[in-house]
Amino acid sequence: MRLHQLAITAFGPYRDRVDVDFDALGTDGLFLLHGDTGAGKTSLLDAICFALYGAVPGAREQVKQLRCDTAADDVATSVELELTVQGHRLRVVRSPKYDQRKKRGEGTTTRNAKASLTWIGDAPGDAPSEGSSRIDEVNRSVQRLLGMSVDQFTKVVLLPQGEFANFLRAETTEREKLLEKLFGTQRFADVERWFVEHRRERGRDVEAHQQQVRELLARAAQVVGQDPEDGADERHWLESWEKHLAAELDETRRQHVELAARRDAAEQELTARRELADKVRRVRGAHAELAELDAQQAEHRRWRTELDAAQRVLPVLTARRAVTEAETELDRAAGEAAHAETGCPDPDAPLDELRRRSGEHRERAGALAELLPEARKQDTDRARLAELDRGIDADERATAELDEQQAALPDRISTARTRLDEAKEAATRRDQVEAKVEELADLLGTARAVPAAQQAHEQAAEAARRAVDEHQRARETVLDLRDRRLAGMAAELAAGLTAGDPCPVCGSADHPEPRSAVDDSVGAEDEERAQQAEQRAQARRDSTAAAETDARRHLELLRHRLGDRGTDDLAAETTSATERRDAVRALADQTPARSRELAELESAAQRLTEQRGELDRRIAAARTERTGLAEAIEARAARLDAARGEHPDIDAHRAHLLEQVERLDRLVAARTARDDADTRLAKQREALRAAAVDAGFADVDEALRAERDESRRTELADALTRAEQRRATAQAALGGEELFGIDADTEVGLDAAAEAATTAREAAERAAITAQRVEQREQDVRRLATRLRAAWDELGPALAEHAELEALADVVNGRGQNARKMSLRSYVLAARLEEVAVTATRRLRRMSDGRYSFVHSDAAGARGTRGGLGLDVLDDYSGQTRSAKTLSGGESFMASLSLALGLADVVAAETGGALLDTLFIDEGFGTLDANTLDLVMDTLDELRAGGRVIGLVSHVDEMRQRIGVRLRIRKSRDDGSTIELDT
């Protein structure tokens, strides 16, 4: 992977767009990234990581605040990175999710995250040549090409501040977490978890088998009523009970067969005696039935006589009902005739006379019916005439009202047009007054910020003056100590002489007059401390001077923007401009309403003109129609008055005639029906007398006395039929073959036979229940025994398999027979760490001039803790292995850097062997002395010799002198961070 171009806009501290040309930076293979604290060095690395993965390293990812706070609202946050991976050149552009102030009104609007990938060269075979604009597709493409997750990338390409020093000194558990992220050993953790879960699952199966055996054994003991003794052979116990129950079952079956035979014999005897007793009972009953029927013969003869008379009278009763109906019909007809005579003139007149009168009235009513349409037309026309009069009056009043409205409309339209022009003019001035208010509000905010800025400048100036004084005093102290040390240098050299050793100045082994120390002698340590204090004072002086400059520039900028205007003047101008803006805005907002008002008035004028024309046409038409209608009504009135006579109208006259017709017709019909009913009654009375004689009765009265209702006739017939059936049944029973020879006085002895049968049956039932119970126990035990033997046969292999799986799971998870207490995952990580140690040792020996080497240990930890991830250093000076925690600061940096580079090589090979042509190393060089720094730089030179580009992030001044290509990041209160390339 090689980086080419990076463009950052409104990201982190970078307010405006900044561009980084990595091709130019990488011409020498090594470049320095430096700048003040907080300028944005780490943010530059964050931008690279965000462009590739859409995330930033460490805790900064949790904040999710990547947009520059001082960026302009119309500037979008974006990161654009151009790089080459595995021979494919591509450009990735990303924007994070952030909130942006609304252009109008208060509040913010959310900008969603975006991503795009563009292939500059040929796209891989599984990627679309036109690239992608979906975030998930971009993420998959980048991770597939790099072969690393975001955690691996931030540990392999971006070597972070202090993280590998912590890794170097970490305990086994912490070191394991980082190695898991880098080497992706989750699949081995899945294997460990699979063994644990499989062991747990198989354990549950074994426990279920054992529980099944216990339950089956308990059920068998419950069936037999005896538990096996403790320690007894359960299989032998089960077999003995099977044999015992089989023998018991044979005995109970034999007893049941014997008692069942006795029961059958007793029941056969009981059946025979019951049959004899039934025959004796039937003979006795037949004799008693015949005797009872003989005693009832006289009563039966009376029933036959009564039933015969009741049957003969039935035709007479039919004739009597016809007479009754004829009498009822005559009474009804006579009543209707009397009712019809009421209100009818001359009701006693002959029927022909009544029919003639009815015909005359009907003809006159028909003649009047022909005039009815004209009468109804006359009423309709008179109603229409009144309606026309009302309509003409209403239309004339409406015409007057429209005239008044038309007269007032021109003035209202003129006023509305003037108001609309005023609103439109206000709308044209709206943007101007709003801009004026915003300008004044901005200037007012600037004016109010001046006192704070002036106070900040004064404080910064005072701090700068104090820093200059402190630095001057520190410098004077250094010069004073240096002069005093030079004065006492001979005494210092003499203090270091040893008898017999050569003098470091003249080489002589004799020291005849060594100089003694003076009272106020100064050592190298005193001078070094003073120099360090002077350097710190210099740094404070520089920082306070820069702060004073920034504060002064900020104050001058504020004053330049204000000019001669003060806070009070600006506040008054802002208030006045705000009032004007509000008035203009309110007037401009009325433009739509005033436009609608003018349009409505113009439409109303047109509408009133149309309504006035319509009213004039309607009034003229109504008057013409009224004139013709009045003439027709007057001509029709004479004919209708002659036809109605003395009645209110023709309808009333015609209704009177029809009423007379109806009364006459009703009287004729009633008198005719009365005469017919009287004739029919005489005929029915003669038929009744003839029916009585024909039925064998002397007269009608005698016949009616023999009348019986249907229920009595049915009762007599049924009683006679039952008597005859009883006699026939009794005679048939006595004469049958089944009861032949049976004496009614025979004694049967049924109770003794029934008692003997009951005793035998109860004994057989008890034997059957006992046999069934024993058989059920034998079957239950035999069935449970079959299931128990099958469960025992399955349990043995399951126990053996579970024991083997449990031992293997313990070994895989670092327990049991695993002597090193290393889990499978730790074993894999230990192998990877061993590779890292070998790779890192080559660089560490070069940096430490052959003194230090990494030593990997897979021994178990203290108190049985897991091992396999131990990492110490071998000191060639002493030949002893030392803990990494005993290294000094500079030695820790060398070891950490070597370890980080070794991890980068191993992880790159692990993730697919993709060549990492660009690396970034963040801080740590300030802990090295000059010689060690030379060795470290030589090692980095070896890295860039293979075509790699190494970016170093450092504050150390000496690094600026050693590295010719530098990328300086500057920070500014007003302009944000900027980037400057030095070559």
# chains A, B, ... in the order shown; residues from 1 in each chain; ligands from 1

$ residues_around --residues "Val965 in chain A" --least-positions-apart "5" --cutoff "12 Å" --atoms "only C-alpha atoms" --output "list of chain:residue names"
A:Asp21, A:Phe22, A:Asp23, A:Ala24, A:Leu25, A:Gly26, A:Thr27, A:Asp28, A:Gly29, A:Leu30, A:Phe31, A:Leu32, A:Leu33, A:His34, A:Val949, A:Ile950, A:Gly951, A:Leu952, A:Met959, A:Arg960, A:Glu980, A:Leu981, A:Asp982, A:Thr983

$ residues_around --residues "Asp346 in chain A" --least-positions-apart "5" --cutoff "12 Å" --atoms "only C-alpha atoms" --output "list in words"
Ala340, Glu341, Leu351, Glu353, Leu354, Arg357, Arg663, Leu664 and Leu667 of chain A

$ atom_distance --atom1 "CA of Arg134 in chain A" --atom2 "CA of Met1 in chain A"
22.7 Å

$ residues_around --residues "Ala218 in chain A" --least-positions-apart "2" --cutoff "12 Å" --atoms "only C-alpha atoms" --output "list in words"
Gln211, Gln212, Val213, Arg214, Glu215, Leu216, Ala220, Ala221, Gln222, Val223, Val224, Gly225, Gln226, Asp227, Pro228, Glu234, Leu238, Val781, Leu784, Ala785 and Leu788 of chain A

$ write_last_selection --atoms "N, CA and C atoms" --output "tab-separated table (two decimals), in the first residue's frame"
chain	number	residue	atom	x	y	z
A	211	GLN	N	-30.18	-39.90	34.36
A	211	GLN	CA	-31.47	-39.62	34.98
A	211	GLN	C	-32.52	-40.60	34.49
A	212	GLN	N	-32.45	-40.96	33.19
A	212	GLN	CA	-33.39	-41.93	32.65
A	212	GLN	C	-33.22	-43.28	33.33
A	213	VAL	N	-31.96	-43.71	33.54
A	213	VAL	CA	-31.71	-44.99	34.22
A	213	VAL	C	-32.26	-44.93	35.63
A	214	ARG	N	-32.01	-43.82	36.33
A	214	ARG	CA	-32.51	-43.70	37.71
A	214	ARG	C	-34.03	-43.73	37.75
A	215	GLU	N	-34.65	-43.02	36.80
A	215	GLU	CA	-36.12	-43.00	36.79
A	215	GLU	C	-36.68	-44.38	36.48
A	216	LEU	N	-36.10	-45.09	35.49
A	216	LEU	CA	-36.59	-46.42	35.15
A	216	LEU	C	-36.39	-47.37	36.32
A	220	ALA	N	-39.33	-49.33	38.36
A	220	ALA	CA	-39.33	-50.78	38.55
A	220	ALA	C	-39.44	-51.14	40.03
A	221	ALA	N	-38.71	-50.43	40.91
A	221	ALA	CA	-38.80	-50.69	42.35
A	221	ALA	C	-40.19	-50.37	42.88
A	222	GLN	N	-40.81	-49.32	42.32
A	222	GLN	CA	-42.17	-48.98	42.74
A	222	GLN	C	-43.16	-50.07	42.34
A	223	VAL	N	-42.96	-50.67	41.14
A	223	VAL	CA	-43.86	-51.73	40.68
A	223	VAL	C	-43.74	-52.96	41.56
A	224	VAL	N	-42.50	-53.38	41.85
A	224	VAL	CA	-42.31	-54.62	42.63
A	224	VAL	C	-42.48	-54.37	44.11
A	225	GLY	N	-42.42	-53.06	44.53
A	225	GLY	CA	-42.61	-52.76	45.94
A	225	GLY	C	-41.38	-52.96	46.78
A	226	GLN	N	-40.18	-52.97	46.18
A	226	GLN	CA	-38.95	-53.18	46.94
A	226	GLN	C	-37.79	-52.50	46.21
A	227	ASP	N	-37.00	-51.70	46.94
A	227	ASP	CA	-35.83	-51.06	46.35
A	227	ASP	C	-34.64	-51.99	46.44
A	228	PRO	N	-33.73	-51.91	45.44
A	228	PRO	CA	-32.50	-52.73	45.54
A	228	PRO	C	-31.63	-52.24	46.70
A	234	GLU	N	-27.67	-54.32	40.39
A	234	GLU	CA	-29.01	-53.93	39.96
A	234	GLU	C	-29.52	-54.85	38.85
A	238	LEU	N	-32.89	-57.15	39.18
A	238	LEU	CA	-33.96	-57.06	38.20
A	238	LEU	C	-34.32	-58.46	37.66
A	781	VAL	N	-42.79	-54.78	34.71
A	781	VAL	CA	-41.39	-55.06	35.06
A	781	VAL	C	-40.63	-55.52	33.82
A	784	LEU	N	-40.08	-52.42	31.65
A	784	LEU	CA	-39.07	-51.56	32.25
A	784	LEU	C	-37.69	-52.20	32.18
A	785	ALA	N	-37.65	-53.54	32.33
A	785	ALA	CA	-36.37	-54.24	32.25
A	785	ALA	C	-35.76	-54.10	30.86
A	788	LEU	N	-34.52	-50.58	30.65
A	788	LEU	CA	-33.35	-50.40	31.51
A	788	LEU	C	-32.10	-50.98	30.88

$ closest_residue --among "A:Val584, A:Ala546, A:Leu799, A:Leu388" --to "Glu434 in chain A" --atoms "only C-alpha atoms"
A:Val584

$ residues_around --residues "Leu640 in chain A" --least-positions-apart "5" --cutoff "10 Å" --atoms "only C-alpha atoms" --output "PyMOL selection string"
chain A and resi 368+371-372+374-375+378+635+645+649-650

$ closest_residue --among "A:Ala247, A:Leu293, A:Leu874, A:Leu6" --to "Arg726 in chain A" --atoms "only C-alpha atoms"
A:Leu293

$ residues_around --residues "Ile8 in chain A" --least-positions-apart "2" --cutoff "6 Å" --atoms "only C-alpha atoms" --output "list of chain:residue names"
A:Arg17, A:Val18, A:Val79

$ write_last_selection --atoms "N, CA and C atoms" --output "PDB file, in the first residue's frame"
ATOM      1  N   ARG A  17      -9.472  23.878   3.202  1.00  0.00           N
ATOM      2  CA  ARG A  17      -8.899  22.723   2.512  1.00  0.00           C
ATOM      3  C   ARG A  17      -7.379  22.758   2.593  1.00  0.00           C
ATOM      4  N   VAL A  18      -6.793  21.605   2.952  1.00  0.00           N
ATOM      5  CA  VAL A  18      -5.334  21.433   2.939  1.00  0.00           C
ATOM      6  C   VAL A  18      -5.033  20.185   2.126  1.00  0.00           C
ATOM      7  N   VAL A  79     -12.880  14.179   3.374  1.00  0.00           N
ATOM      8  CA  VAL A  79     -11.500  13.696   3.309  1.00  0.00           C
ATOM      9  C   VAL A  79     -11.366  12.915   2.008  1.00  0.00           C
TER      10      VAL A  79
END

$ atom_distance --atom1 "CA of Ala831 in chain A" --atom2 "CA of Phe854 in chain A"
14.2 Å

$ residues_around --residues "Arg773 in chain A" --least-positions-apart "4" --cutoff "12 Å" --atoms "only C-alpha atoms" --output "NGL selection string"
:A and (223-224 or 245 or 248-249 or 252-253 or 766-769 or 777-780)

$ write_last_selection --atoms "N, CA and C atoms" --output "PDB file, in the first residue's frame"
ATOM      1  N   VAL A 223     -42.955 -50.667  41.140  1.00  0.00           N
ATOM      2  CA  VAL A 223     -43.861 -51.725  40.684  1.00  0.00           C
ATOM      3  C   VAL A 223     -43.737 -52.962  41.561  1.00  0.00           C
ATOM      4  N   VAL A 224     -42.499 -53.379  41.854  1.00  0.00           N
ATOM      5  CA  VAL A 224     -42.312 -54.617  42.635  1.00  0.00           C
ATOM      6  C   VAL A 224     -42.476 -54.365  44.114  1.00  0.00           C
ATOM      7  N   LEU A 245     -41.971 -62.880  39.519  1.00  0.00           N
ATOM      8  CA  LEU A 245     -43.275 -62.456  39.020  1.00  0.00           C
ATOM      9  C   LEU A 245     -43.822 -63.416  37.970  1.00  0.00           C
ATOM     10  N   GLU A 248     -45.349 -66.321  39.958  1.00  0.00           N
ATOM     11  CA  GLU A 248     -46.571 -65.864  40.621  1.00  0.00           C
ATOM     12  C   GLU A 248     -47.701 -65.738  39.603  1.00  0.00           C
ATOM     13  N   LEU A 249     -47.388 -65.300  38.368  1.00  0.00           N
ATOM     14  CA  LEU A 249     -48.403 -65.151  37.332  1.00  0.00           C
ATOM     15  C   LEU A 249     -48.980 -66.526  36.933  1.00  0.00           C
ATOM     16  N   THR A 252     -51.538 -67.688  39.745  1.00  0.00           N
ATOM     17  CA  THR A 252     -52.808 -66.953  39.770  1.00  0.00           C
ATOM     18  C   THR A 252     -53.672 -67.289  38.554  1.00  0.00           C
ATOM     19  N   ARG A 253     -53.066 -67.580  37.417  1.00  0.00           N
ATOM     20  CA  ARG A 253     -53.837 -67.978  36.240  1.00  0.00           C
ATOM     21  C   ARG A 253     -54.499 -69.335  36.449  1.00  0.00           C
ATOM     22  N   ARG A 766     -62.671 -62.109  41.882  1.00  0.00           N
ATOM     23  CA  ARG A 766     -61.492 -61.814  42.703  1.00  0.00           C
ATOM     24  C   ARG A 766     -60.253 -62.495  42.123  1.00  0.00           C
ATOM     25  N   ALA A 767     -60.410 -63.713  41.657  1.00  0.00           N
ATOM     26  CA  ALA A 767     -59.267 -64.419  41.063  1.00  0.00           C
ATOM     27  C   ALA A 767     -58.813 -63.728  39.772  1.00  0.00           C
ATOM     28  N   ALA A 768     -59.784 -63.221  38.965  1.00  0.00           N
ATOM     29  CA  ALA A 768     -59.429 -62.538  37.713  1.00  0.00           C
ATOM     30  C   ALA A 768     -58.676 -61.236  37.992  1.00  0.00           C
ATOM     31  N   ILE A 769     -59.161 -60.502  39.012  1.00  0.00           N
ATOM     32  CA  ILE A 769     -58.484 -59.233  39.359  1.00  0.00           C
ATOM     33  C   ILE A 769     -57.061 -59.512  39.839  1.00  0.00           C
ATOM     34  N   ARG A 777     -48.212 -56.320  36.640  1.00  0.00           N
ATOM     35  CA  ARG A 777     -46.903 -56.108  37.276  1.00  0.00           C
ATOM     36  C   ARG A 777     -45.811 -56.796  36.474  1.00  0.00           C
ATOM     37  N   GLU A 778     -46.102 -58.044  36.038  1.00  0.00           N
ATOM     38  CA  GLU A 778     -45.081 -58.779  35.287  1.00  0.00           C
ATOM     39  C   GLU A 778     -44.763 -58.081  33.968  1.00  0.00           C
ATOM     40  N   GLN A 779     -45.828 -57.569  33.283  1.00  0.00           N
ATOM     41  CA  GLN A 779     -45.605 -56.863  32.018  1.00  0.00           C
ATOM     42  C   GLN A 779     -44.847 -55.555  32.232  1.00  0.00           C
ATOM     43  N   ASP A 780     -45.238 -54.793  33.305  1.00  0.00           N
ATOM     44  CA  ASP A 780     -44.546 -53.523  33.586  1.00  0.00           C
ATOM     45  C   ASP A 780     -43.079 -53.765  33.876  1.00  0.00           C
TER      46      ASP A 780
END

$ closest_residue --among "A:Leu734, A:Val953, A:Val661, A:Ala753" --to "Ala265 in chain A" --atoms "only C-alpha atoms"
A:Ala753

$ atom_distance --atom1 "CA of His471 in chain A" --atom2 "CA of Gln535 in chain A"
8.3 Å

$ closest_residue --among "A:Ala605, A:Ala461, A:Leu615, A:Ala266" --to "Ala400 in chain A" --atoms "only C-alpha atoms"
A:Leu615

$ decode --residues "range 749-848 of chain A" --atoms "C-alpha atoms" --output "short mmCIF file (atom, residue, chain, number, x, y, z; two decimals), in the first residue's frame"
data_model
loop_
_atom_site.label_atom_id
_atom_site.label_comp_id
_atom_site.auth_asym_id
_atom_site.auth_seq_id
_atom_site.Cartn_x
_atom_site.Cartn_y
_atom_site.Cartn_z
CA GLY A 749 -86.38 -72.59 44.45
CA LEU A 750 -84.84 -69.59 42.63
CA ASP A 751 -83.31 -67.77 45.68
CA ALA A 752 -80.97 -70.64 46.65
CA ALA A 753 -79.68 -70.94 43.05
CA ALA A 754 -79.12 -67.16 42.80
CA GLU A 755 -77.15 -67.10 46.07
CA ALA A 756 -74.90 -69.95 44.93
CA ALA A 757 -74.26 -68.27 41.56
CA THR A 758 -73.39 -64.93 43.24
CA THR A 759 -70.87 -66.63 45.56
CA ALA A 760 -69.17 -68.43 42.65
CA ARG A 761 -69.10 -65.29 40.48
CA GLU A 762 -67.52 -63.15 43.21
CA ALA A 763 -64.79 -65.75 43.82
CA ALA A 764 -64.02 -65.90 40.05
CA GLU A 765 -63.91 -62.08 39.78
CA ARG A 766 -61.49 -61.81 42.70
CA ALA A 767 -59.27 -64.42 41.06
CA ALA A 768 -59.43 -62.54 37.71
CA ILE A 769 -58.48 -59.23 39.36
CA THR A 770 -55.60 -60.87 41.17
CA ALA A 771 -54.38 -62.53 37.94
CA GLN A 772 -54.74 -59.27 36.02
CA ARG A 773 -52.84 -57.33 38.69
CA VAL A 774 -50.01 -59.88 38.74
CA GLU A 775 -49.93 -59.95 34.92
CA GLN A 776 -49.78 -56.14 34.78
CA ARG A 777 -46.90 -56.11 37.28
CA GLU A 778 -45.08 -58.78 35.29
CA GLN A 779 -45.61 -56.86 32.02
CA ASP A 780 -44.55 -53.52 33.59
CA VAL A 781 -41.39 -55.06 35.06
CA ARG A 782 -40.59 -56.87 31.79
CA ARG A 783 -41.11 -53.64 29.78
CA LEU A 784 -39.07 -51.56 32.25
CA ALA A 785 -36.37 -54.24 32.25
CA THR A 786 -36.10 -54.02 28.44
CA ARG A 787 -35.79 -50.22 28.59
CA LEU A 788 -33.35 -50.40 31.51
CA ARG A 789 -31.03 -52.83 29.71
CA ALA A 790 -31.15 -50.61 26.59
CA ALA A 791 -30.40 -47.51 28.71
CA TRP A 792 -27.50 -49.31 30.46
CA ASP A 793 -26.13 -50.34 27.07
CA GLU A 794 -26.28 -46.73 25.79
CA LEU A 795 -24.96 -45.16 28.99
CA GLY A 796 -21.61 -47.01 28.96
CA PRO A 797 -20.32 -45.67 25.59
CA ALA A 798 -21.77 -42.21 26.36
CA LEU A 799 -19.82 -42.05 29.64
CA ALA A 800 -16.61 -43.09 27.89
CA GLU A 801 -17.14 -40.57 25.06
CA HIS A 802 -17.91 -37.75 27.51
CA ALA A 803 -14.80 -38.51 29.57
CA GLU A 804 -12.67 -38.37 26.42
CA LEU A 805 -14.34 -35.13 25.23
CA GLU A 806 -13.98 -33.55 28.68
CA ALA A 807 -10.25 -34.32 28.77
CA LEU A 808 -9.78 -32.94 25.24
CA ALA A 809 -11.77 -29.77 26.04
CA ASP A 810 -9.60 -29.19 29.13
CA VAL A 811 -6.43 -29.55 27.04
CA VAL A 812 -7.75 -27.16 24.33
CA ASN A 813 -8.71 -24.59 26.99
CA GLY A 814 -5.41 -24.83 28.91
CA ARG A 815 -6.47 -27.08 31.80
CA GLY A 816 -6.30 -30.73 32.77
CA GLN A 817 -3.32 -32.54 31.25
CA ASN A 818 -2.11 -29.33 29.54
CA ALA A 819 1.14 -28.87 31.48
CA ARG A 820 1.82 -25.37 30.08
CA LYS A 821 -1.73 -24.18 30.81
CA MET A 822 -1.95 -22.80 27.25
CA SER A 823 -5.26 -22.68 25.44
CA LEU A 824 -5.45 -23.32 21.71
CA ARG A 825 -5.85 -19.60 21.05
CA SER A 826 -2.89 -18.79 23.32
CA TYR A 827 -0.85 -21.46 21.54
CA VAL A 828 -1.54 -19.84 18.15
CA LEU A 829 -0.85 -16.36 19.56
CA ALA A 830 2.36 -17.66 21.13
CA ALA A 831 3.50 -18.93 17.73
CA ARG A 832 2.71 -15.55 16.18
CA LEU A 833 4.45 -13.74 19.05
CA GLU A 834 7.49 -15.95 18.56
CA GLU A 835 7.60 -14.90 14.89
CA VAL A 836 7.26 -11.28 15.96
CA ALA A 837 10.09 -11.70 18.51
CA VAL A 838 12.42 -13.14 15.83
CA THR A 839 11.56 -10.36 13.35
CA ALA A 840 11.76 -7.58 15.97
CA THR A 841 15.08 -8.90 17.39
CA ARG A 842 16.89 -8.16 14.14
CA ARG A 843 15.97 -4.47 14.39
CA LEU A 844 16.42 -4.26 18.15
CA ARG A 845 19.96 -5.64 17.96
CA ARG A 846 20.78 -3.09 15.28
CA MET A 847 19.30 -0.20 17.27
CA SER A 848 20.95 -1.31 20.54
#
